[in-house]
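File shown here: entry_23.csv, holding CSV, C-alpha atoms.
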chain,number,residue,atom,x,y,z
A,261,MET,CA,29.6,27.3,20.1
A,262,ALA,CA,28.8,25.6,16.8
A,263,ALA,CA,28.5,27.7,13.7
A,264,ILE,CA,25.2,26.2,12.8
A,265,ALA,CA,22.1,26.7,15.0
A,266,LEU,CA,19.4,24.0,14.7
A,267,ASN,CA,15.8,25.0,15.1
A,268,ALA,CA,14.9,22.1,17.4
A,269,ARG,CA,11.3,22.9,18.2
A,270,PHE,CA,10.5,19.4,16.9
A,271,TYR,CA,11.6,17.9,20.2
A,272,SER,CA,8.2,19.0,21.6
A,273,HIS,CA,6.3,16.6,19.3
A,274,LEU,CA,5.7,12.9,19.0
A,275,PRO,CA,8.3,11.5,16.6
A,276,THR,CA,6.3,11.0,13.4
A,277,GLY,CA,7.2,12.0,9.8
A,278,MET,CA,9.0,15.4,10.0
A,279,GLN,CA,9.9,15.0,13.6
A,280,ARG,CA,11.6,11.7,12.9
A,281,TYR,CA,13.6,13.5,10.2
A,282,GLY,CA,14.7,16.1,12.7
A,283,LEU,CA,15.7,13.6,15.3
A,284,GLU,CA,17.6,11.4,12.8
A,285,MET,CA,19.5,14.4,11.4
A,286,ALA,CA,20.3,15.9,14.8
A,287,LYS,CA,21.7,12.5,15.9
A,288,ARG,CA,24.1,12.3,13.0
A,289,LEU,CA,25.1,15.9,12.7
A,290,TYR,CA,25.3,16.6,16.4
A,291,ALA,CA,29.0,17.7,16.3
A,292,ASP,CA,28.2,20.4,13.7
A,293,LEU,CA,25.1,21.9,15.4
A,294,ASP,CA,24.1,24.0,18.4
A,295,ILE,CA,20.7,22.5,19.2
A,296,VAL,CA,18.3,25.4,20.2
A,297,ARG,CA,15.1,24.0,21.7
A,298,PRO,CA,12.4,25.2,23.9
A,299,SER,CA,13.0,24.7,27.6
A,300,ARG,CA,9.7,22.8,27.9
A,301,PRO,CA,7.3,21.2,25.4
A,302,MET,CA,5.5,23.8,23.3
A,303,SER,CA,2.8,23.3,20.6
A,304,GLY,CA,0.4,25.4,18.7
A,305,THR,CA,0.5,29.2,19.0
A,306,GLU,CA,3.0,29.1,21.8
A,307,GLY,CA,5.5,27.1,19.7
A,308,HIS,CA,5.1,29.4,16.8
A,309,LEU,CA,5.7,32.4,19.0
A,310,TRP,CA,8.9,30.8,20.4
A,311,GLU,CA,10.1,30.2,16.9
A,312,GLN,CA,9.2,33.6,15.4
A,313,PHE,CA,10.4,35.8,18.3
A,314,TYR,CA,12.8,33.9,20.7
A,315,LEU,CA,14.7,31.8,18.1
A,316,PRO,CA,16.1,34.8,16.0
A,317,THR,CA,17.8,36.2,19.1
A,318,ALA,CA,19.2,32.8,20.1
A,319,THR,CA,20.9,32.2,16.8
A,320,ARG,CA,23.1,35.3,17.3
A,321,GLY,CA,23.7,35.8,13.5
A,322,ARG,CA,24.8,32.3,12.9
A,323,LEU,CA,23.5,30.1,10.1
A,324,LEU,CA,20.1,28.7,11.2
A,325,TRP,CA,18.9,25.4,9.9
A,326,SER,CA,15.1,24.9,10.3
A,327,PRO,CA,14.5,21.2,9.4
A,328,ASN,CA,10.7,20.9,9.8
A,329,ASN,CA,8.8,23.0,7.2
A,330,THR,CA,8.8,26.2,9.2
A,331,GLY,CA,11.1,28.8,10.6
A,332,PRO,CA,11.4,32.4,11.7
A,333,VAL,CA,10.6,34.9,8.9
A,334,ALA,CA,13.0,37.5,10.5
A,335,VAL,CA,16.0,35.3,9.8
A,336,SER,CA,17.4,35.4,6.3
A,337,ARG,CA,20.6,33.6,7.0
A,338,GLN,CA,18.7,30.4,7.2
A,339,ILE,CA,18.3,27.0,5.4
A,340,CYS,CA,14.9,25.5,5.6
A,341,THR,CA,14.0,21.8,4.9
A,342,ILE,CA,10.6,21.5,3.2
A,343,HIS,CA,8.9,18.2,3.4
A,344,ASP,CA,5.7,19.2,1.6
A,345,ILE,CA,3.4,22.2,1.0
A,346,ILE,CA,0.2,20.3,1.7
A,347,PRO,CA,-1.4,23.1,3.8
A,348,ILE,CA,-1.0,25.4,0.8
A,349,GLU,CA,-2.3,22.9,-1.8
A,350,ARG,CA,-5.0,21.2,0.2
A,351,PRO,CA,-6.2,23.5,2.9
A,352,ASP,CA,-9.4,21.6,3.2
A,353,TRP,CA,-7.5,18.7,4.8
A,354,PHE,CA,-6.5,21.0,7.8
A,355,ASN,CA,-8.0,23.1,10.5
A,356,ALA,CA,-8.8,26.5,9.0
A,357,ARG,CA,-6.5,28.4,11.4
A,358,PHE,CA,-3.6,26.0,10.8
A,359,SER,CA,-3.8,26.3,7.0
A,360,ALA,CA,-4.3,30.1,7.1
A,361,TRP,CA,-1.0,30.4,9.1
A,362,TYR,CA,1.0,28.3,6.6
A,363,ARG,CA,-0.5,30.2,3.7
A,364,TRP,CA,0.8,33.3,5.3
A,365,LEU,CA,4.1,31.9,6.5
A,366,LEU,CA,5.5,29.7,3.7
A,367,PRO,CA,5.7,32.1,0.8
A,368,ARG,CA,7.4,34.8,2.9
A,369,LEU,CA,9.8,32.3,4.6
A,370,LEU,CA,10.9,30.5,1.4
A,371,ARG,CA,11.5,33.6,-0.6
A,372,ARG,CA,13.6,35.0,2.3
A,373,VAL,CA,15.9,32.1,3.3
A,374,GLU,CA,19.2,31.5,1.7
A,375,HIS,CA,18.5,28.0,0.6
A,376,ILE,CA,15.9,25.2,0.7
A,377,ILE,CA,16.4,21.5,1.1
A,378,ALA,CA,13.5,19.5,-0.4
A,379,VAL,CA,13.1,15.9,0.7
A,380,SER,CA,12.0,14.7,-2.8
A,381,GLU,CA,12.1,15.8,-6.4
A,382,PHE,CA,8.3,16.0,-6.2
A,383,THR,CA,8.5,18.5,-3.3
A,384,LYS,CA,11.1,20.6,-5.1
A,385,THR,CA,8.8,20.8,-8.2
A,386,ARG,CA,5.8,21.9,-6.1
A,387,VAL,CA,7.9,24.6,-4.3
A,388,LEU,CA,9.3,25.9,-7.6
A,389,GLU,CA,5.9,26.0,-9.3
A,390,ARG,CA,3.9,27.4,-6.3
A,391,PHE,CA,6.3,30.1,-5.1
A,392,GLY,CA,8.3,31.0,-8.2
A,393,ILE,CA,11.6,30.0,-6.5
A,394,GLU,CA,14.7,29.7,-8.7
A,395,PRO,CA,15.7,26.1,-9.2
A,396,SER,CA,19.3,26.8,-8.0
A,397,LYS,CA,17.9,27.8,-4.6
A,398,VAL,CA,16.6,24.2,-3.9
A,399,THR,CA,18.6,21.1,-3.3
A,400,VAL,CA,17.0,17.6,-3.1
A,401,VAL,CA,18.1,15.4,-0.2
A,402,TRP,CA,16.0,12.3,0.3
A,403,ASN,CA,14.9,11.0,3.7
A,404,GLY,CA,16.3,7.7,4.7
A,405,VAL,CA,16.0,4.6,6.8
A,406,ASP,CA,18.4,3.2,9.5
A,407,GLY,CA,19.6,-0.3,10.4
A,408,TRP,CA,17.0,-0.6,13.1
A,409,HIS,CA,14.4,-1.2,10.4
A,410,GLN,CA,15.2,-4.7,9.2
A,411,PRO,CA,13.4,-8.1,9.2
A,412,ARG,CA,12.5,-9.3,12.7
A,413,SER,CA,12.2,-12.8,14.2
A,414,PHE,CA,9.0,-14.7,14.5
A,415,GLU,CA,9.2,-14.4,18.3
A,416,GLU,CA,9.6,-10.6,18.2
A,417,VAL,CA,6.6,-10.4,15.8
A,418,ARG,CA,4.6,-12.6,18.1
A,419,LEU,CA,5.3,-10.5,21.2
A,420,MET,CA,4.4,-7.3,19.2
A,421,ARG,CA,1.1,-8.8,18.1
A,422,ARG,CA,0.3,-9.8,21.7
A,423,ASP,CA,1.1,-6.3,23.0
A,424,LEU,CA,-0.9,-4.5,20.3
A,425,LYS,CA,-3.7,-7.1,20.6
A,426,ILE,CA,-3.6,-7.9,16.8
A,427,PRO,CA,-5.9,-10.9,16.7
A,428,SER,CA,-4.5,-12.7,13.6
A,429,PRO,CA,-0.9,-13.4,12.4
A,430,HIS,CA,-2.2,-12.9,8.9
A,431,TYR,CA,-2.6,-9.1,8.4
A,432,LEU,CA,-2.2,-6.3,6.0
A,433,LEU,CA,-0.9,-3.1,7.5
A,434,CYS,CA,-1.7,0.6,7.0
A,435,LEU,CA,0.5,2.9,9.0
A,436,GLY,CA,-0.1,6.7,9.4
A,437,SER,CA,-2.0,9.3,11.3
A,438,LEU,CA,-5.8,9.1,10.9
A,439,GLU,CA,-6.1,12.3,8.8
A,440,PRO,CA,-7.8,13.0,5.4
A,441,ARG,CA,-4.7,12.7,3.1
A,442,LYS,CA,-4.0,9.1,4.3
A,443,ASN,CA,-7.2,8.2,2.3
A,444,LEU,CA,-8.5,5.8,4.9
A,445,ARG,CA,-12.1,6.2,3.9
A,446,ARG,CA,-11.4,4.8,0.4
A,447,LEU,CA,-9.1,2.1,1.9
A,448,LEU,CA,-11.9,0.9,4.2
A,449,SER,CA,-14.4,1.0,1.3
A,450,ALA,CA,-12.0,-1.0,-0.8
A,451,TRP,CA,-11.4,-3.5,2.1
A,452,GLN,CA,-15.2,-3.9,2.4
A,453,GLN,CA,-15.4,-4.9,-1.2
A,454,ILE,CA,-12.4,-7.2,-1.4
A,455,SER,CA,-12.2,-8.8,2.0
A,456,PRO,CA,-15.1,-11.3,1.4
A,457,GLN,CA,-13.0,-12.7,-1.5
A,458,LEU,CA,-9.9,-13.2,0.7
A,459,PRO,CA,-9.1,-16.0,3.3
A,460,SER,CA,-11.1,-15.3,6.4
A,461,GLU,CA,-8.0,-15.2,8.7
A,462,ILE,CA,-6.6,-12.1,6.9
A,463,ILE,CA,-7.3,-8.8,8.6
A,464,LEU,CA,-6.5,-5.2,8.0
A,465,VAL,CA,-4.5,-3.5,10.8
A,466,ILE,CA,-4.5,0.3,10.9
A,467,ALA,CA,-1.8,1.8,13.1
A,468,GLY,CA,-1.6,5.5,13.9
A,469,LYS,CA,-2.9,8.2,16.2
A,470,VAL,CA,-5.9,10.4,15.5
A,471,GLY,CA,-4.8,13.7,13.9
A,472,ALA,CA,-5.0,16.7,16.3
A,473,SER,CA,-8.1,18.7,15.8
A,474,SER,CA,-6.0,21.9,16.0
A,475,VAL,CA,-4.2,20.8,12.8
A,476,PHE,CA,-6.2,18.3,10.8
A,477,ALA,CA,-9.8,18.1,9.5
A,478,ASP,CA,-11.8,15.0,10.3
A,479,ALA,CA,-10.6,11.8,8.5
A,480,GLY,CA,-14.2,11.0,7.6
A,481,LEU,CA,-14.3,7.5,9.1
A,482,THR,CA,-17.8,6.4,10.0
A,483,ALA,CA,-18.8,2.8,9.4
A,484,ILE,CA,-15.9,0.4,10.0
A,485,PRO,CA,-16.0,-2.9,8.0
A,486,ASP,CA,-15.4,-6.3,9.6
A,487,ARG,CA,-11.8,-7.7,10.1
A,488,VAL,CA,-10.3,-4.2,10.8
A,489,HIS,CA,-8.1,-3.7,13.8
A,490,PHE,CA,-7.0,-0.2,15.1
A,491,THR,CA,-3.9,-0.2,17.2
A,492,GLY,CA,-3.6,3.6,17.9
A,493,TYR,CA,-0.2,5.2,18.0
A,494,VAL,CA,2.7,2.7,17.8
A,495,GLU,CA,6.0,3.6,19.3
A,496,GLU,CA,9.0,3.6,17.0
A,497,ASN,CA,10.8,0.7,18.6
A,498,ARG,CA,7.8,-1.6,17.6
A,499,LEU,CA,7.6,-0.5,14.0
A,500,PRO,CA,10.1,-3.0,12.6
A,501,ALA,CA,8.2,-6.0,14.1
A,502,LEU,CA,4.9,-4.5,13.0
A,503,HIS,CA,6.2,-4.2,9.4
A,504,SER,CA,7.9,-7.6,9.5
A,505,GLY,CA,4.8,-9.5,10.5
A,506,ALA,CA,2.6,-8.0,7.8
A,507,LEU,CA,1.8,-9.7,4.5
A,508,ALA,CA,2.1,-6.2,3.0
A,509,LEU,CA,1.9,-2.5,3.7
A,510,VAL,CA,-1.1,-0.9,2.1
A,511,TYR,CA,-0.5,2.8,1.8
A,512,PRO,CA,-2.9,4.6,-0.6
A,513,SER,CA,-2.0,8.1,0.5
A,514,LEU,CA,-3.3,11.0,-1.6
A,515,TYR,CA,-0.3,13.2,-1.1
A,516,GLU,CA,3.2,12.6,0.4
A,517,GLY,CA,6.3,14.9,0.3
A,518,PHE,CA,8.3,11.7,0.8
A,519,GLY,CA,6.6,8.8,2.5
A,520,LEU,CA,8.6,7.1,5.2
A,521,PRO,CA,6.3,4.1,5.9
A,522,PRO,CA,6.8,2.5,2.4
A,523,LEU,CA,10.6,2.9,2.7
A,524,GLU,CA,10.7,1.4,6.2
A,525,ALA,CA,8.4,-1.4,5.1
A,526,MET,CA,10.8,-2.3,2.2
A,527,ALA,CA,13.8,-2.2,4.6
A,528,CYS,CA,11.9,-4.8,6.8
A,529,GLY,CA,11.3,-7.1,3.7
A,530,THR,CA,7.6,-6.2,3.6
A,531,PRO,CA,5.9,-5.9,0.2
A,532,VAL,CA,4.3,-2.6,-0.5
A,533,VAL,CA,1.0,-1.5,-2.2
A,534,THR,CA,1.0,2.3,-2.6
A,535,SER,CA,-0.3,5.2,-4.6
A,536,PHE,CA,0.9,6.1,-8.1
A,537,GLY,CA,1.9,9.8,-8.0
A,538,THR,CA,3.2,12.6,-5.7
A,539,SER,CA,6.6,11.4,-4.2
A,540,LEU,CA,5.6,7.8,-3.6
A,541,THR,CA,6.5,6.6,-7.1
A,542,GLU,CA,9.8,8.3,-6.7
A,543,VAL,CA,10.5,6.5,-3.4
A,544,VAL,CA,9.4,3.0,-4.2
A,545,GLY,CA,10.6,2.8,-7.8
A,546,ASP,CA,9.7,-0.6,-9.2
A,547,ALA,CA,9.5,-2.3,-5.8
A,548,ALA,CA,5.8,-1.9,-5.1
A,549,VAL,CA,2.3,-2.5,-6.5
A,550,LEU,CA,1.0,1.0,-7.6
A,551,VAL,CA,-2.6,1.8,-7.4
A,552,ASP,CA,-4.8,4.8,-8.2
A,553,PRO,CA,-5.6,6.3,-4.7
A,554,LEU,CA,-8.8,7.9,-6.1
A,555,ASP,CA,-10.2,4.6,-7.3
A,556,GLU,CA,-11.5,2.2,-4.7
A,557,MET,CA,-11.5,-0.7,-7.2
A,558,SER,CA,-7.9,0.0,-8.0
A,559,ILE,CA,-7.0,-0.2,-4.3
A,560,ALA,CA,-9.0,-3.3,-3.9
A,561,ASP,CA,-7.3,-4.9,-6.8
A,562,GLY,CA,-3.9,-4.1,-5.4
A,563,ILE,CA,-4.8,-5.8,-2.2
A,564,ARG,CA,-6.1,-8.8,-4.1
A,565,GLN,CA,-2.9,-9.1,-6.1
A,566,ILE,CA,-0.6,-8.9,-3.1
A,567,VAL,CA,-2.6,-11.5,-1.1
A,568,GLU,CA,-3.1,-14.0,-3.8
A,569,ASP,CA,0.3,-13.9,-5.5
A,570,SER,CA,3.0,-15.3,-3.3
A,571,ALA,CA,5.6,-15.0,-6.1
A,572,LEU,CA,4.8,-11.3,-6.4
A,573,ARG,CA,5.3,-10.8,-2.7
A,574,GLU,CA,8.7,-12.5,-2.8
A,575,ARG,CA,9.8,-10.5,-5.8
A,576,LEU,CA,8.8,-7.2,-4.1
A,577,ARG,CA,10.4,-8.3,-0.9
A,578,THR,CA,13.7,-8.8,-2.8
A,579,LEU,CA,13.4,-5.6,-4.7
A,580,GLY,CA,12.4,-3.6,-1.7
A,581,LEU,CA,15.3,-4.8,0.5
A,582,ALA,CA,17.8,-3.9,-2.2
A,583,ARG,CA,16.3,-0.5,-2.8
A,584,ALA,CA,16.1,0.5,0.9
A,585,LYS,CA,19.7,-0.6,1.4
A,586,ASN,CA,20.8,2.5,-0.5
A,587,ILE,CA,18.4,5.1,0.9
A,588,THR,CA,19.9,5.6,4.4
A,589,TRP,CA,19.9,8.4,7.0
A,590,GLU,CA,23.7,8.3,6.8
A,591,ARG,CA,23.5,9.3,3.2
A,592,SER,CA,20.9,12.0,4.0
A,593,ALA,CA,23.1,13.4,6.7
A,594,LYS,CA,26.2,13.4,4.5
A,595,GLU,CA,24.4,15.3,1.7
A,596,THR,CA,22.8,17.7,4.2
A,597,ARG,CA,26.1,18.5,5.8
A,598,LYS,CA,27.4,19.4,2.3
A,599,VAL,CA,24.5,21.8,1.7
A,600,LEU,CA,24.9,23.5,5.2
A,601,SER,CA,28.7,23.8,4.8
A,602,ALA,CA,28.3,25.6,1.5
A,603,PHE,CA,26.6,28.5,3.4
A,604,LEU,CA,29.0,29.0,6.3
Step by step, read the file and then write its structure as structure tokens.
Amino acid sequence: MAAIALNARFYSHLPTGMQRYGLEMAKRLYADLDIVRPSRPMSGTEGHLWEQFYLPTATRGRLLWSPNNTGPVAVSRQICTIHDIIPIERPDWFNARFSAWYRWLLPRLLRRVEHIIAVSEFTKTRVLERFGIEPSKVTVVWNGVDGWHQPRSFEEVRLMRRDLKIPSPHYLLCLGSLEPRKNLRRLLSAWQQISPQLPSEIILVIAGKVGASSVFADAGLTAIPDRVHFTGYVEENRLPALHSGALALVYPSLYEGFGLPPLEAMACGTPVVTSFGTSLTEVVGDAAVLVDPLDEMSIADGIRQIVEDSALRERLRTLGLARAKNITWERSAKETRKVLSAFL
């Protein structure tokens, strides 16, 4: 039996964001871990009960690694990966019961565990300031991208567009769950203002599932402008082609603990327009157009720049590919193994 037990509750969920992290880490650290997961899919209250009451007995005193922002409060011999503390800082973006649970859980959990892995310097800063944690208790290990995310062929992009019913080969992409922090309301308003000034064949594609009502507040989408296409949830194996076919990824999120879509877009050679602030500036460096996510005109101007300036797109493509090459899941796994080993 491995000396490290993995809290693998994330296997019950669709692989987005934090769940993707858990799957990528489990795949690379498999030999070091005893994967403890529910015998069947569990969500909501049932999943929390499994985690808080069954999981402590299943770990049998071993080091427990909880990789997805939560973990059993009863286990002190535990390392917890924190992606963000959004339910604490912006409870209005979530279902009231969901945010109340995390406002109770996170302060107790993070003060009790042996160590914390934060996925960005931004997340580490927020944890330290919000909970009064000692800096030595938090190690930053970035998320990553794998070799699957790379530029794809014209034919693969064509087939992806056919299957997702994307009506034009000339599109801007926004990828993420339809929830308040993704800032879709301002993006659509910016699109309504700027799209008449752009070539008529260029459309905006929004890819992502509607946020669960048990977790998220309503995204506030009412009137949808012309030339906007919603794909719904897109499976992971289609994402490289979806990125590769786009003129750019437009990602004006209000708050990210890391932000995988901009990194994966860069790995596919896709220029990025994203928000200044939170972790996004940290992730993209100088390889993106940065906009003010609270200013619709700033978002609109970022879109205009990326559409009209082919030299800018080519420069960002080159910078993005070079930057993403060094931010890999392999590096994340190596650094995570080092943290876990220090507490055995």
What's the separation between CA of Gly580 in chain A and CA of Asn329 in chain A, in Å to one decimal place? 28.3 Å
If you count only C-alpha atoms, which residues fall within 10 Å of Arg390 in chain A, apart from same-chain ones fewer than 3 positions away, as number ranges by chain? A: 345, 348-349, 367, 384-387, 393
Which one is closest to Lys442 in chain A: A:Pro531, A:Pro316, A:Gly468, A:Gly492? Count only C-alpha atoms.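 Checking each of A:Pro531, A:Pro316, A:Gly468, A:Gly492 against Lys442 in chain A, counting only C-alpha atoms, the winner is A:Gly468.
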What is the distance, in Å and to one decimal place, between CA of Ala378 in chain A and CA of Asp406 in chain A?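 Spanning CA of Ala378 in chain A to CA of Asp406 in chain A is a straight-line distance of 19.7 Å.
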How far is it from CA of Ala450 in chain A to CA of Ser558 in chain A, in Å with one decimal? 8.3 Å
Could you tell me which of A:Val296, A:Leu572, A:Ala548, A:Ala527 comes closest to His409 in chain A if we count all atoms listed in the file?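 Under the stated criterion, the closest residue is A:Ala527.
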